[in-house]
$ cat start15.txt   # compact mmCIF, C-alpha atoms
# COMPACT_ATOMS: atom_id res chain seq x y z
CA MET A 15 -37.02 69.93 -122.51
CA ALA A 16 -38.61 72.82 -124.29
CA TRP A 17 -36.01 75.37 -123.36
CA ILE A 18 -33.09 73.33 -124.66
CA ARG A 19 -34.85 72.99 -128.01
CA THR A 20 -35.54 76.71 -128.07
CA LEU A 21 -31.93 77.45 -127.26
CA THR A 22 -30.70 75.22 -130.07
CA VAL A 23 -33.07 76.70 -132.63
CA CYS A 24 -32.21 80.25 -131.62
CA ALA A 25 -28.51 79.50 -131.75
CA LEU A 26 -28.74 77.87 -135.18
CA VAL A 27 -30.87 80.62 -136.65
CA ALA A 28 -28.57 83.27 -135.26
CA VAL A 29 -25.34 81.55 -136.24
CA ALA A 30 -26.14 80.07 -139.67
CA PRO A 31 -25.77 83.18 -141.89
CA LEU A 32 -22.74 84.37 -139.93
CA ASP A 33 -21.18 80.99 -140.31
CA ALA A 34 -21.72 80.79 -144.08
CA ARG A 35 -20.14 84.18 -144.53
CA ALA A 36 -17.27 83.34 -142.20
CA GLN A 37 -16.56 80.09 -143.97
CA CYS A 38 -16.62 81.72 -147.39
CA GLU A 39 -14.34 84.51 -146.35
CA ALA A 40 -12.06 82.14 -144.54
CA GLY A 41 -11.94 80.08 -147.71
CA ASP A 42 -11.13 83.17 -149.75
CA ALA A 43 -8.47 84.26 -147.34
CA LEU A 44 -6.79 80.90 -147.04
CA GLU A 45 -6.54 79.74 -150.62
CA GLY A 46 -6.16 76.04 -151.11
CA VAL A 47 -8.08 74.93 -148.04
CA GLU A 48 -9.52 71.71 -149.37
CA ASP A 49 -12.59 71.15 -147.27
CA ALA A 50 -13.84 74.67 -146.83
CA SER A 51 -16.76 73.92 -149.14
CA GLU A 52 -17.94 71.08 -146.96
CA MET A 53 -18.63 73.44 -144.11
CA THR A 54 -20.71 75.90 -146.06
CA PHE A 55 -24.37 75.42 -146.76
CA GLU A 56 -24.25 73.82 -150.22
CA ALA A 57 -22.30 76.76 -151.52
CA PRO A 58 -19.37 75.81 -153.73
CA ARG A 59 -16.05 77.05 -152.54
CA SER A 60 -15.56 79.91 -154.93
CA SER A 61 -19.10 81.28 -155.10
CA CYS A 62 -19.23 83.64 -152.19
CA ALA A 63 -20.34 86.34 -154.55
CA ASP A 64 -23.42 84.27 -155.45
CA VAL A 65 -24.74 83.73 -151.95
CA LEU A 66 -23.56 86.92 -150.37
CA PRO A 67 -23.77 90.51 -151.51
CA PRO A 68 -20.54 91.56 -153.18
CA PRO A 69 -18.12 93.02 -150.67
CA ILE A 70 -17.70 96.75 -150.75
CA ALA A 71 -14.45 97.67 -152.41
CA LEU A 72 -11.50 98.28 -150.12
CA ARG A 73 -13.35 96.74 -147.19
CA PRO A 74 -11.01 94.23 -145.55
CA ALA A 75 -12.24 90.70 -145.02
CA ARG A 76 -13.80 90.32 -141.60
CA PRO A 77 -11.25 88.87 -139.18
CA ILE A 78 -12.01 85.41 -137.85
CA ALA A 79 -11.77 86.59 -134.23
CA MET A 80 -14.52 89.11 -134.79
CA THR A 81 -16.72 86.47 -136.40
CA ARG A 82 -16.15 84.26 -133.42
CA ALA A 83 -17.10 87.11 -131.08
CA LEU A 84 -20.28 87.64 -133.08
CA VAL A 85 -21.09 83.93 -132.88
CA ILE A 86 -20.62 84.01 -129.11
CA ALA A 87 -22.78 87.13 -128.87
CA ALA A 88 -25.45 85.36 -130.92
CA LEU A 89 -25.29 82.36 -128.61
CA VAL A 90 -25.69 84.59 -125.58
CA LEU A 91 -28.62 86.32 -127.23
CA GLY A 92 -30.12 82.93 -128.04
CA GLY A 93 -29.63 81.92 -124.41
CA VAL A 94 -31.43 85.02 -123.20
CA LEU A 95 -34.28 84.33 -125.64
CA ALA A 96 -34.51 80.71 -124.48
CA TRP A 97 -34.52 81.93 -120.89
CA GLN A 98 -37.44 84.20 -121.67
CA VAL A 99 -39.35 81.48 -123.48
CA GLY A 100 -38.73 78.30 -121.53
CA ALA A 101 -36.32 78.55 -118.63
CA GLY A 102 -38.32 81.37 -117.11
CA ARG A 103 -41.13 78.91 -116.50
CA LEU A 104 -38.75 76.47 -114.79
CA LEU A 105 -37.43 79.35 -112.70
CA ARG A 106 -40.92 80.29 -111.57
CA SER A 107 -41.94 76.79 -110.52
CA PRO A 108 -41.36 76.52 -106.75
CA ARG A 109 -38.87 73.66 -106.95
CA GLY A 110 -37.01 75.16 -109.91
CA ARG A 111 -36.68 78.46 -108.07
CA VAL A 112 -34.86 76.74 -105.22
CA TYR A 113 -32.44 74.89 -107.50
CA VAL A 114 -31.68 77.93 -109.62
CA ALA A 115 -31.20 80.11 -106.53
CA GLY A 116 -28.95 77.44 -105.00
CA ALA A 117 -26.89 77.26 -108.18
CA GLY A 118 -26.61 81.04 -108.23
CA LEU A 119 -25.40 81.03 -104.65
CA GLY A 120 -22.87 78.35 -105.61
CA VAL A 121 -21.45 80.73 -108.21
CA VAL A 122 -21.34 83.52 -105.62
CA LEU A 123 -19.48 81.18 -103.25
CA ALA A 124 -16.99 80.19 -105.93
CA VAL A 125 -16.27 83.84 -106.75
CA ALA A 126 -15.93 84.84 -103.07
CA GLU A 127 -13.62 81.99 -102.13
CA GLY A 128 -11.99 80.91 -105.36
CA ALA A 129 -11.33 84.39 -106.73
CA LEU A 130 -11.26 86.71 -103.71
CA SER A 131 -10.15 84.18 -101.03
CA ARG A 132 -12.74 85.44 -98.57
CA PRO A 133 -15.64 83.69 -96.83
CA LEU A 134 -19.23 84.71 -97.44
CA SER A 135 -19.68 85.48 -93.77
CA ALA A 136 -22.80 86.93 -92.18
CA SER A 137 -22.29 86.52 -88.42
CA GLY A 138 -18.91 88.30 -88.58
CA ALA A 139 -20.72 91.50 -89.49
CA PHE A 140 -22.53 91.53 -86.15
CA ASP A 141 -19.37 90.77 -84.18
CA HIS A 142 -17.99 93.92 -85.75
CA LEU A 143 -21.15 95.99 -85.28
CA ALA A 144 -21.39 94.95 -81.61
CA VAL A 145 -17.96 96.42 -80.91
CA ASP A 146 -17.72 99.25 -83.39
CA PRO A 147 -21.17 100.22 -84.68
CA ILE A 148 -20.15 103.52 -86.25
CA GLY A 149 -16.70 102.57 -87.54
CA ALA A 150 -15.81 101.94 -91.16
CA PRO A 151 -17.72 98.91 -92.51
CA THR A 152 -15.65 95.75 -92.88
CA TRP A 153 -15.97 93.07 -95.60
CA PRO A 154 -18.86 91.18 -93.89
CA VAL A 155 -20.66 94.44 -93.08
CA TRP A 156 -20.55 95.47 -96.74
CA LEU A 157 -21.75 91.97 -97.63
CA MET A 158 -24.73 92.34 -95.31
CA ILE A 159 -25.57 95.76 -96.77
CA GLY A 160 -25.53 94.03 -100.14
CA VAL A 161 -27.79 91.24 -98.82
CA LEU A 162 -30.24 93.83 -97.51
CA ILE A 163 -30.41 95.56 -100.89
CA GLY A 164 -30.42 92.28 -102.82
CA SER A 165 -33.25 90.79 -100.83
CA PHE A 166 -35.23 94.01 -101.13
CA ALA A 167 -34.69 94.08 -104.89
CA SER A 168 -35.60 90.40 -105.27
CA SER A 169 -38.73 90.69 -103.16
CA ARG A 170 -39.79 93.77 -105.12
CA HIS A 171 -39.14 91.87 -108.33
CA ALA A 172 -41.27 88.94 -107.11
CA ARG A 173 -43.90 91.34 -105.66
CA GLU A 174 -43.34 89.85 -102.22
CA ALA A 175 -42.03 92.96 -100.48
CA ARG A 176 -44.31 94.37 -97.81
CA LEU A 177 -43.99 95.53 -94.24
CA ARG A 178 -45.19 92.89 -91.79
CA TRP A 179 -44.87 91.91 -88.15
CA LEU A 180 -45.48 88.17 -88.24
CA PRO A 181 -43.64 85.57 -90.30
CA ASP A 182 -46.38 83.54 -92.00
CA ALA A 183 -49.42 81.30 -91.64
CA GLN A 184 -47.56 78.49 -89.90
CA TRP A 185 -46.33 80.83 -87.17
CA VAL A 186 -49.82 82.26 -86.68
CA ALA A 187 -51.30 78.75 -86.48
CA ARG A 188 -48.86 77.80 -83.72
CA PHE A 189 -48.26 81.02 -81.78
CA GLY A 190 -51.17 83.30 -82.68
CA ARG A 191 -50.99 86.95 -83.68
CA ASP A 192 -49.26 88.33 -80.59
CA ARG A 193 -46.55 90.68 -81.83
CA ALA A 194 -44.72 90.83 -78.50
CA LEU A 195 -44.42 87.03 -78.46
CA ARG A 196 -42.94 87.07 -81.95
CA LEU A 197 -40.48 89.82 -81.04
CA GLY A 198 -39.48 87.98 -77.86
CA ILE A 199 -38.87 84.63 -79.54
CA ALA A 200 -37.17 86.35 -82.47
CA PHE A 201 -34.80 88.22 -80.14
CA VAL A 202 -33.86 85.12 -78.14
CA GLY A 203 -33.55 83.04 -81.31
CA ALA A 204 -31.33 85.61 -82.98
CA MET A 205 -29.17 85.81 -79.85
CA LEU A 206 -28.72 82.02 -79.71
CA VAL A 207 -27.96 81.92 -83.41
CA GLN A 208 -25.22 84.53 -83.04
CA ILE A 209 -23.72 82.91 -79.92
CA GLY A 210 -23.72 79.53 -81.66
CA ALA A 211 -22.11 81.00 -84.75
CA ASP A 212 -19.41 82.69 -82.66
CA ILE A 213 -18.61 79.47 -80.79
CA ALA A 214 -18.47 77.46 -84.01
CA GLY A 215 -16.52 80.07 -85.94
CA GLY A 216 -19.21 81.00 -88.46
CA CYS A 217 -22.89 80.72 -89.31
CA THR A 218 -24.81 78.98 -92.08
CA ALA A 219 -23.21 81.35 -94.56
CA GLY A 220 -19.75 81.83 -93.10
CA LEU A 221 -19.16 78.24 -92.03
CA ALA A 222 -21.68 75.77 -93.51
CA LEU A 223 -21.68 77.30 -97.01
CA SER A 224 -18.23 78.88 -97.16
CA GLY A 225 -16.53 75.98 -95.40
CA GLY A 226 -18.61 73.41 -97.25
CA ALA A 227 -17.58 74.79 -100.62
CA VAL A 228 -13.91 74.11 -99.83
CA LEU A 229 -14.97 70.79 -98.23
CA ALA A 230 -13.65 71.52 -94.76
CA PRO A 231 -14.68 69.17 -91.92
CA ALA A 232 -15.68 72.18 -89.79
CA ALA A 233 -18.63 72.91 -92.06
CA PHE A 234 -20.05 69.41 -91.91
CA LEU A 235 -19.59 69.14 -88.14
CA PHE A 236 -21.43 72.44 -87.81
CA MET A 237 -24.30 71.22 -89.98
CA ALA A 238 -24.53 68.01 -87.95
CA GLY A 239 -24.70 70.10 -84.76
CA MET A 240 -27.29 72.36 -86.35
CA PHE A 241 -29.64 69.45 -86.99
CA ALA A 242 -28.87 67.87 -83.61
CA GLY A 243 -29.95 71.13 -81.94
CA GLY A 244 -32.76 72.09 -84.27
CA MET A 245 -34.67 68.86 -84.64
CA PRO A 246 -35.53 68.34 -80.93
CA VAL A 247 -36.57 71.99 -80.61
CA ALA A 248 -38.79 71.83 -83.68
CA TRP A 249 -40.26 68.61 -82.32
CA LEU A 250 -40.92 70.23 -78.91
CA ILE A 251 -42.58 73.24 -80.50
CA TYR A 252 -44.87 71.24 -82.75
CA ARG A 253 -45.32 68.01 -80.78
CA ARG A 254 -48.82 68.61 -79.48
CA ARG A 255 -50.24 69.65 -82.81
CA ARG A 256 -51.51 67.26 -85.41
CA PRO A 257 -49.50 67.31 -88.63
CA SER A 258 -50.72 70.14 -90.79
CA MET B 28 -16.00 97.01 -101.02
CA ILE B 29 -17.68 97.04 -104.43
CA ALA B 30 -17.07 93.28 -104.70
CA ALA B 31 -18.61 92.74 -101.25
CA LEU B 32 -21.67 94.80 -102.17
CA VAL B 33 -22.14 92.98 -105.47
CA LEU B 34 -21.67 89.52 -103.91
CA GLY B 35 -23.94 90.48 -101.01
CA PHE B 36 -26.58 91.68 -103.46
CA ALA B 37 -26.44 88.35 -105.30
CA PHE B 38 -26.47 86.47 -101.99
CA GLY B 39 -29.53 88.36 -100.78
CA TRP B 40 -31.26 87.90 -104.11
CA MET B 41 -30.65 84.12 -104.04
CA LEU B 42 -31.79 83.79 -100.40
CA GLN B 43 -35.03 85.60 -101.13
CA ARG B 44 -35.53 83.83 -104.45
CA GLY B 45 -35.00 80.39 -102.91
CA GLY B 46 -37.59 81.10 -100.20
CA LEU B 47 -34.99 80.96 -97.41
CA THR B 48 -36.44 84.08 -95.81
CA ARG B 49 -39.58 82.21 -94.77
CA TYR B 50 -40.10 81.02 -91.21
CA ASP B 51 -41.93 77.85 -92.22
CA VAL B 52 -39.28 76.85 -94.76
CA ILE B 53 -36.49 77.10 -92.17
CA VAL B 54 -38.42 75.41 -89.35
CA ASN B 55 -39.88 72.60 -91.45
CA VAL B 56 -36.46 71.34 -92.52
CA PHE B 57 -35.95 70.39 -88.87
CA ARG B 58 -39.29 68.55 -88.95
CA LEU B 59 -38.16 66.90 -92.20
CA ARG B 60 -41.35 68.13 -93.84
CA ASP B 61 -39.82 70.54 -96.33
CA LEU B 62 -36.38 69.88 -97.74
CA THR B 63 -36.05 73.29 -99.43
CA VAL B 64 -33.19 74.36 -97.15
CA LEU B 65 -31.29 71.14 -97.85
CA ARG B 66 -31.85 71.38 -101.59
CA PHE B 67 -30.67 74.99 -101.63
CA LEU B 68 -27.67 74.25 -99.41
CA LEU B 69 -26.57 71.14 -101.30
CA VAL B 70 -26.89 72.66 -104.77
CA ALA B 71 -24.97 75.74 -103.63
CA LEU B 72 -22.27 73.58 -102.01
CA ALA B 73 -21.87 71.32 -105.06
CA ILE B 74 -21.61 74.20 -107.53
CA GLY B 75 -19.47 76.19 -105.10
CA ALA B 76 -17.10 73.26 -104.47
CA VAL B 77 -16.53 72.60 -108.17
CA GLY B 78 -16.37 76.34 -108.88
CA VAL B 79 -13.72 76.99 -106.23
CA GLN B 80 -11.54 74.19 -107.57
CA ALA B 81 -12.06 75.45 -111.13
CA ALA B 82 -11.01 78.95 -110.06
CA LEU B 83 -7.88 77.55 -108.41
CA LEU B 84 -7.05 75.41 -111.46
CA LEU B 85 -7.42 78.44 -113.72
CA ASP B 86 -5.07 80.40 -111.44
CA VAL B 87 -7.69 83.03 -110.70
CA SER B 88 -6.32 83.07 -107.18
CA SER B 89 -3.54 81.17 -105.45
CA SER B 90 -5.51 79.91 -102.48
CA ALA B 91 -9.08 79.63 -101.24
CA TRP B 92 -10.36 80.64 -97.82
CA VAL B 93 -10.57 77.63 -95.46
CA PRO B 94 -12.25 77.68 -92.03
CA THR B 95 -10.57 76.41 -88.87
CA THR B 96 -11.72 72.96 -87.80
CA ARG B 97 -12.20 72.74 -84.02
CA PRO B 98 -14.48 69.69 -83.87
CA LEU B 99 -16.02 70.24 -80.45
CA ALA B 100 -16.51 73.98 -80.91
CA ASN B 101 -17.97 73.46 -84.40
CA LEU B 102 -20.36 70.85 -83.06
CA VAL B 103 -21.44 72.64 -79.86
CA GLY B 104 -21.78 75.94 -81.70
CA GLY B 105 -23.87 74.14 -84.28
CA VAL B 106 -26.20 72.78 -81.59
CA VAL B 107 -26.73 76.22 -80.01
CA PHE B 108 -27.21 77.66 -83.50
CA GLY B 109 -29.73 74.96 -84.40
CA VAL B 110 -31.79 75.64 -81.26
CA GLY B 111 -32.06 79.33 -82.08
CA MET B 112 -32.70 78.62 -85.74
CA ALA B 113 -35.56 76.19 -85.04
CA ALA B 114 -37.10 78.50 -82.44
CA ALA B 115 -37.18 81.68 -84.48
CA GLY B 116 -36.72 80.46 -88.07
CA TYR B 117 -33.59 82.58 -88.31
CA CYS B 118 -29.97 82.47 -89.25
CA PRO B 119 -27.81 85.60 -89.42
CA GLY B 120 -27.87 85.91 -93.21
CA THR B 121 -31.59 85.30 -93.52
CA ILE B 122 -32.39 87.84 -90.79
CA VAL B 123 -30.79 90.51 -92.94
CA ALA B 124 -32.57 89.15 -96.02
CA GLN B 125 -35.88 89.18 -94.10
CA ALA B 126 -35.23 92.76 -93.06
CA GLY B 127 -34.79 93.63 -96.73
CA GLU B 128 -38.08 91.95 -97.53
CA GLY B 129 -39.94 94.10 -95.02
CA HIS B 130 -40.13 91.94 -91.89
CA LEU B 131 -40.37 94.38 -89.00
CA ASP B 132 -39.67 91.61 -86.47
CA ALA B 133 -36.32 91.05 -88.17
CA TRP B 134 -35.51 94.78 -88.00
CA ILE B 135 -36.57 95.24 -84.37
CA ALA B 136 -35.80 91.91 -82.69
CA GLY B 137 -33.62 90.04 -85.18
CA LEU B 138 -30.83 92.52 -85.82
CA THR B 139 -30.68 93.65 -82.19
CA GLY B 140 -30.73 90.02 -81.07
CA LEU B 141 -27.72 89.28 -83.25
CA ILE B 142 -25.78 92.19 -81.79
CA ALA B 143 -26.83 91.17 -78.28
CA GLY B 144 -25.66 87.64 -79.04
CA ALA B 145 -22.28 88.93 -80.21
CA LEU B 146 -21.96 90.92 -76.96
CA VAL B 147 -22.92 87.87 -74.86
CA PHE B 148 -20.30 85.82 -76.68
CA ARG B 149 -17.64 88.39 -75.85
CA VAL B 150 -18.52 87.91 -72.18
CA ILE B 151 -18.59 84.09 -72.20
CA GLN B 152 -15.68 83.66 -74.64
CA PRO B 153 -12.92 83.48 -71.98
CA PHE B 154 -14.80 80.70 -70.17
CA VAL B 155 -16.10 78.69 -73.12
CA MET B 156 -13.51 78.78 -75.85
CA PRO B 157 -10.49 77.50 -73.85
CA VAL B 158 -12.59 74.44 -73.01
CA LEU B 159 -14.11 73.77 -76.43
CA GLY B 160 -11.49 75.17 -78.77
CA PRO B 161 -8.46 72.93 -78.32
CA VAL B 162 -10.28 69.56 -78.38
CA GLY B 163 -9.08 67.81 -81.52
CA ALA B 164 -8.20 71.13 -83.18
CA MET B 165 -6.93 70.61 -86.72
CA GLY B 166 -6.37 74.12 -88.01
CA ARG B 167 -7.44 75.19 -91.47
CA VAL B 168 -7.83 71.81 -93.18
CA THR B 169 -10.01 70.36 -95.92
CA PHE B 170 -11.06 66.76 -96.50
CA GLY B 171 -8.62 66.56 -99.38
CA GLU B 172 -5.70 67.38 -97.08
CA LEU B 173 -6.94 65.06 -94.33
CA LEU B 174 -7.34 62.15 -96.72
CA GLY B 175 -4.27 63.00 -98.76
CA VAL B 176 -6.12 63.15 -102.07
CA SER B 177 -6.59 65.86 -104.67
CA PRO B 178 -9.13 68.54 -103.63
CA VAL B 179 -10.46 68.51 -107.20
CA LEU B 180 -11.29 64.82 -106.85
CA VAL B 181 -13.04 65.42 -103.51
CA ALA B 182 -15.06 68.28 -105.01
CA VAL B 183 -16.17 66.22 -108.02
CA ILE B 184 -17.09 63.21 -105.87
CA PHE B 185 -18.99 65.51 -103.51
CA ALA B 186 -20.89 67.10 -106.40
CA GLU B 187 -21.80 63.67 -107.72
CA LEU B 188 -23.02 62.55 -104.28
CA VAL B 189 -25.17 65.68 -104.06
CA ALA B 190 -26.62 64.98 -107.50
CA ILE B 191 -27.44 61.40 -106.48
CA VAL B 192 -29.08 62.54 -103.22
CA LEU B 193 -31.14 65.23 -104.95
CA VAL B 194 -32.32 62.85 -107.67
CA ALA B 195 -33.16 60.18 -105.07
CA ALA B 196 -35.12 62.70 -103.00
CA ARG B 197 -36.84 64.44 -105.93
CA HIS B 198 -40.31 63.24 -104.96
CA ARG B 199 -40.08 64.15 -101.30
$ encode --input "start15.txt" --output "structure tokens"
Amino acid sequence: MAWIRTLTVCALVAVAPLDARAQCEAGDALEGVEDASEMTFEAPRSSCADVLPPPIALRPARPIAMTRALVIAALVLGGVLAWQVGAGRLLRSPRGRVYVAGAGLGVVLAVAEGALSRPLSASGAFDHLAVDPIGAPTWPVWLMIGVLIGSFASSRHAREARLRWLPDAQWVARFGRDRALRLGIAFVGAMLVQIGADIAGGCTAGLALSGGAVLAPAAFLFMAGMFAGGMPVAWLIYRRRRPS
Amino acid sequence: MIAALVLGFAFGWMLQRGGLTRYDVIVNVFRLRDLTVLRFLLVALAIGAVGVQAALLLDVSSSAWVPTTRPLANLVGGVVFGVGMAAAGYCPGTIVAQAGEGHLDAWIAGLTGLIAGALVFRVIQPFVMPVLGPVGAMGRVTFGELLGVSPVLVAVIFAELVAIVLVAARHR
């Protein structure tokens, strides 16, 4: 794994000088520490002045906590470097993109539910908008505004943002280029999706993901229903066509 | 509000990044031809499950949000949801993400369809929910509570199962 190697090298390069200095100064500060010399890079215990520039007079020894903070900062920097060098490639491969995005969403879920005790609901926003479209936005409405901006930003970042009427090649192969047909099916599909979510008590986000992350039976029943409903429909839509 | 915007931004970014805004990706999971949706969902669930338990162990918050389990309603709602999802390649979150990406069909038909669906549900609610809701209703429970074991254990076992499934299905 190239990126792990890069990370390690970066971390070592970044940390080594800091560490030597920290060990020396720690050794100076805590006189009588027996094995301080073992940790330094071949520097005898009392020769800090040889390997390091002499400390400026009156300058206090650097506190250990600050050294530790610097080490952590160096590690983070090394991580960012490794990301740029190796992990970026993994991220851009189609499969890697899915896993990394899934992991990122997992973190979002953990923050929403573990820290804020709220579900990551999407369908709830439309229940609210259907009743009170101009009222103050609620939690799910703000979430959806965030999703809108986030998806726009991501698609701009990936150079995939453009205005379009039809989903993609597979849709065109099956249904043709008729915009009215797309709008009709999209409207009915969206309606069914919202009705289903309201009956179940949440959608893919608000029930399957949010409920699944706390391992509630509701989420897994919903997902089972989702496949029980979706698979026959997908089969009906594509049954007469040869596999593409 | 700020938290919701930030989390929503990250959510939208991850949906777009994972390719979940694509019609073919959503539809083909129901044809078992493209497991992207499952991979995305399972990774998110595994990390989320462990993350939620970690947050609770670290006392970040005293309790997590738990959905209400009404088995029949969850199941029937899921079926209706799946039909719509397979027909249009939509789910509520991805419609919004598609709108952000520039899909005019999501702006014109998707968002209005969702609001229409919410209005329809308000009409049918008094007839449907009293029938579906009470069957086997369990309240806000998790598997850990149902089985009487530690939720941390359930989360770790679940994450391990997900890892096994993903490794087993890595060539599909």
$ residues_around --input "start15.txt" --residues "Arg149 in chain B" --least-positions-apart "2" --cutoff "10 Å" --atoms "all atoms listed in the file" --output "mmCIF file with C-alpha atoms, in the coordinates of the input"
data_model
loop_
_atom_site.group_PDB
_atom_site.id
_atom_site.type_symbol
_atom_site.label_atom_id
_atom_site.label_comp_id
_atom_site.auth_asym_id
_atom_site.auth_seq_id
_atom_site.Cartn_x
_atom_site.Cartn_y
_atom_site.Cartn_z
ATOM 1 C CA ASP A 141 -19.370 90.770 -84.180
ATOM 2 C CA ALA A 144 -21.390 94.950 -81.610
ATOM 3 C CA VAL A 145 -17.960 96.420 -80.910
ATOM 4 C CA ILE A 209 -23.720 82.910 -79.920
ATOM 5 C CA ASP A 212 -19.410 82.690 -82.660
ATOM 6 C CA ALA B 143 -26.830 91.170 -78.280
ATOM 7 C CA GLY B 144 -25.660 87.640 -79.040
ATOM 8 C CA ALA B 145 -22.280 88.930 -80.210
ATOM 9 C CA LEU B 146 -21.960 90.920 -76.960
ATOM 10 C CA VAL B 147 -22.920 87.870 -74.860
ATOM 11 C CA ILE B 151 -18.590 84.090 -72.200
ATOM 12 C CA GLN B 152 -15.680 83.660 -74.640
ATOM 13 C CA PRO B 153 -12.920 83.480 -71.980
ATOM 14 C CA PHE B 154 -14.800 80.700 -70.170
#
$ closest_residue --input "start15.txt" --among "A:Ala150, A:Leu91, A:Val186, A:Leu143" --to "chain B" --atoms "all atoms listed in the file"
A:Leu143
$ atom_distance --input "start15.txt" --atom1 "CA of Trp153 in chain A" --atom2 "CA of Leu123 in chain A"
14.6 Å
$ residues_around --input "start15.txt" --residues "Leu195 in chain A" --least-positions-apart "6" --cutoff "12 Å" --atoms "all atoms listed in the file" --output "compact mmCIF listing (two decimals) with C-alpha atoms, in the coordinates of the input"
# COMPACT_ATOMS: atom_id res chain seq x y z
CA TRP A 179 -44.87 91.91 -88.15
CA LEU A 180 -45.48 88.17 -88.24
CA PRO A 181 -43.64 85.57 -90.30
CA TRP A 185 -46.33 80.83 -87.17
CA VAL A 186 -49.82 82.26 -86.68
CA ARG A 188 -48.86 77.80 -83.72
CA PHE A 189 -48.26 81.02 -81.78
CA PHE A 201 -34.80 88.22 -80.14
CA VAL A 202 -33.86 85.12 -78.14
CA GLY A 203 -33.55 83.04 -81.31
CA ALA B 114 -37.10 78.50 -82.44
CA ALA B 115 -37.18 81.68 -84.48
CA ASP B 132 -39.67 91.61 -86.47
CA ALA B 136 -35.80 91.91 -82.69
$ closest_residue --input "start15.txt" --among "A:Pro108, A:Ile213, A:Tyr113, A:Arg193" --to "Ile74 in chain B" --atoms "all atoms listed in the file"
A:Tyr113
$ atom_distance --input "start15.txt" --atom1 "CA of Thr63 in chain B" --atom2 "CA of Cys217 in chain A"
18.2 Å
$ atom_distance --input "start15.txt" --atom1 "CA of Leu134 in chain A" --atom2 "CA of Ala31 in chain B"
8.9 Å
$ closest_residue --input "start15.txt" --among "B:Tyr117, B:Phe108, B:Phe57, B:Phe170" --to "Gly215 in chain A" --atoms "only C-alpha atoms"
B:Phe108
